[in-house]
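The file my_file.cif contains mmCIF, C-alpha atoms:
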data_target
#
loop_
_atom_site.label_atom_id
_atom_site.label_comp_id
_atom_site.auth_asym_id
_atom_site.auth_seq_id
_atom_site.Cartn_x
_atom_site.Cartn_y
_atom_site.Cartn_z
CA MET A 1 143.92 169.38 72.20
CA PRO A 2 143.56 166.21 74.33
CA PRO A 3 142.44 163.14 72.31
CA ILE A 4 139.04 162.90 73.99
CA LEU A 5 138.24 166.56 73.30
CA SER A 6 139.49 166.21 69.74
CA ALA A 7 137.19 163.22 69.22
CA VAL A 8 134.20 165.11 70.63
CA ALA A 9 134.99 168.13 68.46
CA ARG A 10 135.20 165.91 65.38
CA ALA A 11 131.90 164.20 66.17
CA THR A 12 130.18 167.55 66.78
CA ARG A 13 131.42 168.84 63.45
CA ILE A 14 130.13 165.73 61.66
CA VAL A 15 126.70 165.95 63.28
CA PHE A 16 126.13 169.71 63.35
CA ALA A 17 128.49 171.25 60.79
CA LYS A 18 128.82 168.62 58.07
CA PRO A 19 129.31 171.16 55.23
CA THR A 20 132.60 172.21 56.86
CA VAL A 21 134.10 168.70 56.69
CA ASP A 22 136.81 168.43 54.04
CA ARG A 23 136.37 166.18 51.04
CA VAL A 24 139.27 163.85 50.30
CA GLU A 25 141.00 162.25 47.32
CA PRO A 26 141.90 158.80 48.71
CA SER A 27 145.11 157.19 47.56
CA PHE A 28 144.84 153.71 46.04
CA ASP A 29 147.32 151.44 47.77
CA ILE A 30 146.30 147.85 47.05
CA ASP A 31 147.66 145.82 44.14
CA LEU A 32 144.81 144.88 41.81
CA GLY A 33 147.20 142.55 40.01
CA LEU A 34 146.64 140.11 42.87
CA TYR A 35 143.05 139.62 41.70
CA HIS A 36 141.93 137.72 38.62
CA GLU A 37 138.87 137.35 36.41
CA ALA A 38 137.40 134.73 38.74
CA ASP A 39 137.58 137.11 41.71
CA TYR A 40 135.21 139.51 39.95
CA GLU A 41 132.90 136.78 38.69
CA LYS A 42 132.50 135.05 42.07
CA ILE A 43 130.88 138.18 43.50
CA ILE A 44 127.63 137.35 41.71
CA PRO A 45 126.69 133.91 43.17
CA GLN A 46 127.56 135.11 46.68
CA LEU A 47 125.22 138.08 46.40
CA GLU A 48 122.52 136.12 44.62
CA ASP A 49 122.30 134.01 47.78
CA VAL A 50 121.83 137.21 49.80
CA GLU A 51 119.18 138.29 47.29
CA ARG A 52 117.28 135.02 47.81
CA GLN A 53 117.28 135.46 51.58
CA LEU A 54 115.92 138.99 51.25
CA ALA A 55 113.32 137.98 48.66
CA ALA A 56 111.73 135.77 51.31
CA VAL A 57 110.97 138.88 53.38
CA PRO A 58 108.06 141.13 52.27
CA LEU A 59 108.78 144.73 51.35
CA ASP A 60 107.71 147.18 54.04
CA ARG A 61 105.61 150.23 53.21
CA ARG A 62 108.78 152.13 52.28
CA GLY A 63 109.85 149.47 49.77
CA MET A 64 112.63 148.06 51.98
CA ARG A 65 113.62 144.65 53.37
CA TRP A 66 115.92 143.62 56.24
CA VAL A 67 117.37 140.38 57.56
CA HIS A 68 119.22 140.77 60.87
CA LEU A 69 121.87 138.12 61.50
CA ALA A 70 124.25 137.86 64.46
CA ASP A 71 126.87 140.28 63.15
CA THR A 72 125.60 141.06 59.67
CA VAL A 73 122.70 143.03 58.22
CA LEU A 74 121.13 142.19 54.87
CA PHE A 75 119.19 145.05 53.28
CA TYR A 76 117.27 145.76 50.11
CA GLY A 77 115.53 148.94 49.00
CA GLU A 78 114.21 150.30 45.74
CA ARG A 79 112.71 153.50 44.41
CA THR A 80 111.01 154.26 41.11
CA PHE A 81 111.93 157.46 39.28
CA ASP A 82 109.56 159.03 36.77
CA VAL A 83 112.42 159.18 34.28
CA PRO A 84 112.88 157.02 31.15
CA PHE A 85 115.60 154.39 31.65
CA ASP A 86 117.69 155.36 28.61
CA ASP A 87 117.63 159.01 29.62
CA PHE A 88 118.52 158.19 33.21
CA VAL A 89 121.54 155.97 32.45
CA SER A 90 122.85 158.50 29.94
CA ARG A 91 123.26 161.01 32.78
CA VAL A 92 123.98 158.79 35.80
CA ASP A 93 127.07 156.57 35.50
CA ILE A 94 126.51 153.40 37.52
CA SER A 95 130.25 152.65 37.50
CA HIS A 96 130.72 155.62 39.87
CA ILE A 97 128.05 154.56 42.34
CA GLY A 98 130.29 155.20 45.37
CA GLU A 99 129.92 158.95 44.79
CA PHE A 100 126.23 158.67 45.62
CA TYR A 101 126.59 157.00 49.01
CA ARG A 102 125.38 159.11 51.91
CA ASP A 103 128.20 161.34 53.17
CA SER A 104 130.75 160.05 50.67
CA LEU A 105 133.86 162.21 51.09
CA GLY A 106 135.95 160.77 48.28
CA VAL A 107 136.15 157.92 45.79
CA THR A 108 139.15 156.65 43.82
CA THR A 109 138.63 154.20 40.97
CA ARG A 110 141.09 152.03 39.03
CA VAL A 111 139.64 150.41 35.90
CA VAL A 112 140.95 146.92 35.18
CA LYS A 113 138.85 145.90 32.18
CA ARG A 114 136.65 147.74 29.69
CA ASP A 115 134.08 146.58 27.16
CA GLU A 116 133.97 147.36 23.43
CA GLN A 117 132.24 150.68 24.22
CA ASP A 118 135.07 151.66 26.57
CA ARG A 119 132.88 151.25 29.64
CA SER A 120 134.38 149.86 32.83
CA VAL A 121 133.37 146.25 33.55
CA HIS A 122 136.00 145.29 36.17
CA GLN A 123 137.39 147.86 38.56
CA GLY A 124 138.81 148.49 42.00
CA VAL A 125 137.30 151.29 44.09
CA ARG A 126 138.25 152.94 47.36
CA VAL A 127 135.43 154.78 49.15
CA VAL A 128 135.81 157.05 52.18
CA ALA A 129 132.63 158.29 53.89
CA LEU A 130 131.56 159.77 57.21
CA PRO A 131 130.45 157.38 59.98
CA GLN A 132 126.93 156.00 59.58
CA PRO A 133 124.84 156.93 61.47
CA ASN A 134 126.63 160.25 62.02
CA TYR A 135 126.06 160.30 65.79
CA ALA A 136 128.08 157.08 66.06
CA ALA A 137 131.13 159.36 65.83
CA TYR A 138 130.39 160.23 69.49
CA PHE A 139 130.84 156.53 70.30
CA GLY A 140 134.26 156.45 68.65
CA LYS A 141 133.23 155.26 65.18
CA ASP A 142 135.74 156.17 62.47
CA ASN A 143 135.09 157.08 58.83
CA LEU A 144 134.06 154.24 56.57
CA ASP A 145 137.13 153.37 54.46
CA VAL A 146 136.86 150.38 52.13
CA TYR A 147 138.38 148.94 48.99
CA LYS A 148 136.02 146.99 46.73
CA LEU A 149 136.20 144.90 43.60
CA GLU A 150 133.34 145.82 41.29
CA LYS A 151 131.85 144.05 38.29
CA VAL A 152 129.62 146.24 36.12
CA GLU A 153 126.96 144.86 33.77
CA TYR A 154 125.22 146.86 31.03
CA GLY A 155 122.02 145.48 29.48
CA PRO A 156 119.30 147.03 27.31
CA ASP A 157 116.84 147.10 30.23
CA GLU A 158 119.10 146.96 33.31
CA GLN A 159 122.53 148.03 34.51
CA ARG A 160 124.06 146.59 37.66
CA VAL A 161 127.27 146.98 39.62
CA TRP A 162 128.23 144.09 41.93
CA MET A 163 130.55 144.98 44.84
CA LEU A 164 132.82 142.89 47.07
CA THR A 165 134.89 144.36 49.92
CA VAL A 166 138.52 143.22 49.90
CA HIS A 167 140.19 145.56 52.42
CA SER A 168 139.41 148.22 55.03
CA PRO A 169 142.55 150.18 56.04
CA ASN A 170 141.08 151.36 59.34
CA GLY A 171 139.01 148.26 60.11
CA SER A 172 135.75 150.16 59.68
CA ALA A 173 134.13 147.27 57.79
CA VAL A 174 134.35 143.50 57.97
CA CYS A 175 132.25 143.35 54.82
CA ASP A 176 130.40 145.99 52.84
CA ASP A 177 129.18 144.02 49.83
CA GLY A 178 126.14 144.36 47.61
CA TYR A 179 124.86 145.72 44.35
CA THR A 180 123.14 148.74 42.87
CA SER A 181 120.95 148.39 39.82
CA PHE A 182 119.02 150.61 37.44
CA ARG A 183 116.25 148.86 35.50
CA ARG A 184 113.51 149.83 33.11
CA THR A 185 109.99 149.71 34.56
CA PRO A 186 107.61 147.18 32.96
CA ASP A 187 105.61 149.97 31.29
CA GLY A 188 108.83 151.45 29.89
CA GLN A 189 108.10 154.89 31.32
CA GLY A 190 110.35 154.96 34.39
CA THR A 191 113.49 153.67 36.08
CA VAL A 192 113.75 151.56 39.22
CA ALA A 193 116.91 152.11 41.27
CA ALA A 194 117.65 149.27 43.71
CA PHE A 195 120.31 148.83 46.41
CA LEU A 196 121.21 145.52 48.08
CA ALA A 197 123.70 145.28 50.93
CA CYS A 198 125.39 142.59 53.01
CA GLN A 199 127.25 144.52 55.69
CA ASN A 200 129.16 143.82 58.88
CA PHE A 201 130.49 146.92 60.62
CA PRO A 202 132.35 146.63 63.94
CA ILE A 203 130.52 148.04 66.93
CA PRO A 204 131.81 151.51 67.92
CA PRO A 205 134.20 151.28 70.89
CA LEU A 206 132.10 153.18 73.43
CA MET A 207 128.94 151.32 72.44
CA ALA A 208 130.76 148.02 72.96
CA LEU A 209 132.10 149.26 76.30
CA THR A 210 128.62 150.15 77.54
CA ARG A 211 127.26 146.89 76.03
CA MET A 212 124.44 148.79 74.34
CA ASP A 213 124.73 146.41 71.40
CA ARG A 214 123.21 143.69 73.60
CA TRP A 215 119.89 145.55 73.62
CA THR A 216 118.49 143.79 70.56
CA TRP A 217 115.46 146.07 70.19
CA PHE A 218 117.71 149.15 70.40
CA LYS A 219 120.26 147.79 67.94
CA THR A 220 117.52 146.87 65.45
CA ALA A 221 115.80 150.24 65.73
CA VAL A 222 118.91 152.36 65.25
CA THR A 223 120.21 150.10 62.49
CA GLU A 224 117.02 150.29 60.45
CA SER A 225 116.77 154.03 60.98
CA ALA A 226 120.35 154.47 59.73
CA TYR A 227 119.71 152.32 56.67
CA ARG A 228 116.59 154.31 55.79
CA ARG A 229 118.51 157.58 55.95
CA PHE A 230 121.39 156.14 53.94
CA PHE A 231 119.11 154.71 51.24
CA ASN A 232 116.88 157.78 50.94
CA THR A 233 119.87 160.11 50.69
CA MET A 234 121.47 157.87 48.08
CA MET A 235 118.30 157.88 45.98
CA ASP A 236 118.03 161.67 46.29
CA SER A 237 121.66 161.99 45.17
CA LEU A 238 121.03 159.86 42.09
CA LEU A 239 118.12 162.07 41.12
CA ALA A 240 120.17 165.19 41.80
CA ARG A 241 122.88 163.94 39.43
CA TYR A 242 120.25 163.27 36.78
CA HIS A 243 119.06 166.87 37.07
CA GLY A 244 122.63 168.20 37.08
CA ASN A 245 122.50 169.43 40.69
CA ASP A 246 125.27 169.25 43.28
CA PHE A 247 124.76 166.63 45.98
CA ARG A 248 128.21 166.10 47.49
CA VAL A 249 128.78 166.54 51.21
CA GLY A 250 131.64 168.60 52.64
CA ARG A 251 133.89 171.20 51.05
CA VAL A 252 136.84 171.33 48.72
CA ARG A 253 139.95 172.95 50.15
#
Whole structure given in C-alpha cells:
Amino acid sequence: MPPILSAVARATRIVFAKPTVDRVEPSFDIDLGLYHEADYEKIIPQLEDVERQLAAVPLDRRGMRWVHLADTVLFYGERTFDVPFDDFVSRVDISHIGEFYRDSLGVTTRVVKRDEQDRSVHQGVRVVALPQPNYAAYFGKDNLDVYKLEKVEYGPDEQRVWMLTVHSPNGSAVCDDGYTSFRRTPDGQGTVAAFLACQNFPIPPLMALTRMDRWTWFKTAVTESAYRRFFNTMMDSLLARYHGNDFRVGRVR
C-alpha cells in the first residue's frame, strides 16, 4: 500500500475503529544509570513554578485551568470522587499512572528506588499512546512515545507522582511533564484527583504545511477541547480501576 494510503488507513482506524488497534509492550532502551538522585528531585521545583503560574488563573466551570504560551501549554484539572481516600489509594496505584492516560497503548516501568514499604519512589517509565487528539493522525501526527523520570510521594492525606520527560524516540514530544495527585478532601469523605501538565508537542506535519497553527483562535479551541477529552477520560479510567472495571483501549494479540 502506498505510504499516503497507509497513513490514511491508520488514521481512520484510530478515529473510527480504535478497539481494533493493537496494544504494545514497549521496550525500555535508555540507561537509567545516567540519572542520579538530584535528577529526580529537581523535577519538583520546576513543576512548582508551573503550578504557581496556573494558580493565578481561575478554574473554569469544569474545574480546569490553561495558560497558553508560544509553544507550550500549561494545564490543570481536578475531579472529586465520592470515595474515601484510603480506600481509593488501596485500589489505584499512583505509580502506574501512565496506564490511565487517554488511549495509552502500553507502559513499561523500571523501578530505581523503593521505600521501606517496597513502594516505588524513583522510576523510569516509557509510555506509548495514540495521537491526541485522535483526528491529528490525519495530519501526520505519530503516536505519543515518551520516556519519563518519575518521583512518587506517599503521604497520609496525599499521594503525588512528579514526571519529567527525558526522551522521545519518535520526536512526538519536546516536553510532557507534570504531576498527578490523589488527596483527601477536607471533610475526609472523598478523594480529589488532580492532573497538572506542562507540554510541548510538535505541530503535525500537514497542519504546519497548511499553516493552520497560525490561526490562534483555532489552535486554542482545538487544544482546549483535546485537553478536556484527555482529562475526562483519564478521570473515568481512574474510577473504572477503583471499581475493578476494564478501561484499556485497543486489543491484545
Gap from CA of Tyr35 in chain A to CA of Ser168 in chain A - Å, one decimal:
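So the answer is 16.3 Å.
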As a check of understanding, name the residues that the PyMOL selection byres ((chain A and resi 44) around 10) selects in the supplied structure, as a ChimeraX atom specification.
/A:39-43,45-50,151,161-164,178-179
Residue contacts of range 119-124 of chain A (12 Å, all atoms listed in the file) excluding same-chain residues fewer than 3 positions away, as a ChimeraX atom specification:
/A:28-41,43,93-96,98,107-116,127,146-154,159-167
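Between Cys175 in chain A and the residues A:Ile203, A:Ala197, A:Leu105, A:Val128, the shortest atom-to-atom distance, using all atoms listed in the file, involves A:Ala197.
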Determine the nearest neighbour of Met234 in chain A from the options A:Arg184, A:Arg248, A:His68, A:Arg61, counting all atoms listed in the file.
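Looking at the shortest contact to Met234 in chain A, the residue is A:Arg248.
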Run the PyMOL selection byres ((chain A and resi 232) around 12) against the file shown and list the residues it catches, as a PyMOL selection string.
chain A and resi 62-64+77-80+100-102+193-195+225-231+233-239
Residues matched by the PyMOL selection byres ((chain A and resi 88) around 10), written as a ChimeraX atom specification:
/A:81-87,89-93,182-184,190-191,238-239,241-243
Between CA of Ser172 in chain A and CA of Pro202 in chain A, what distance in Å does the model show, to one decimal?
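Result for CA of Ser172 in chain A versus CA of Pro202 in chain A: 6.5 Å, one decimal.
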Using all atoms listed in the file, which residues sit within 12 Å of Ala11 in chain A once same-chain residues fewer than 2 positions away are excluded, as a compact mmCIF listing (two decimals) with C-alpha atoms, in the coordinates of the input?
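As written to disk, around_35.txt reads:
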# COMPACT_ATOMS: atom_id res chain seq x y z
CA ILE A 4 139.04 162.90 73.99
CA LEU A 5 138.24 166.56 73.30
CA SER A 6 139.49 166.21 69.74
CA ALA A 7 137.19 163.22 69.22
CA VAL A 8 134.20 165.11 70.63
CA ALA A 9 134.99 168.13 68.46
CA ARG A 13 131.42 168.84 63.45
CA ILE A 14 130.13 165.73 61.66
CA VAL A 15 126.70 165.95 63.28
CA PHE A 16 126.13 169.71 63.35
CA ALA A 17 128.49 171.25 60.79
CA LYS A 18 128.82 168.62 58.07
CA VAL A 21 134.10 168.70 56.69
CA LEU A 130 131.56 159.77 57.21
CA PRO A 131 130.45 157.38 59.98
CA GLN A 132 126.93 156.00 59.58
CA PRO A 133 124.84 156.93 61.47
CA ASN A 134 126.63 160.25 62.02
CA TYR A 135 126.06 160.30 65.79
CA ALA A 136 128.08 157.08 66.06
CA ALA A 137 131.13 159.36 65.83
CA TYR A 138 130.39 160.23 69.49
CA PHE A 139 130.84 156.53 70.30
CA GLY A 140 134.26 156.45 68.65
CA LYS A 141 133.23 155.26 65.18
CA ASP A 142 135.74 156.17 62.47
CA ASN A 143 135.09 157.08 58.83
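Between CA of Val125 in chain A and CA of Gln199 in chain A there is a distance of 16.8 Å.
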Between A:Leu144, A:Pro58, A:Tyr76, A:Asp103, which one has atoms that come closest to Glu224 in chain A, using only C-alpha atoms?
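Closest to Glu224 in chain A, using only C-alpha atoms: A:Tyr76.
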Nearby residues (only C-alpha atoms) at most 6 Å from Leu74 in chain A, same-chain spacing under 4 positions excluded, as a PyMOL selection string
chain A and resi 66-67+197-198
From the list A:Glu25, A:Ala70, A:Phe75, A:Phe247, which residue is nearest Val57 in chain A when using all atoms listed in the file?
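Smallest distance to Val57 in chain A is found for A:Phe75.
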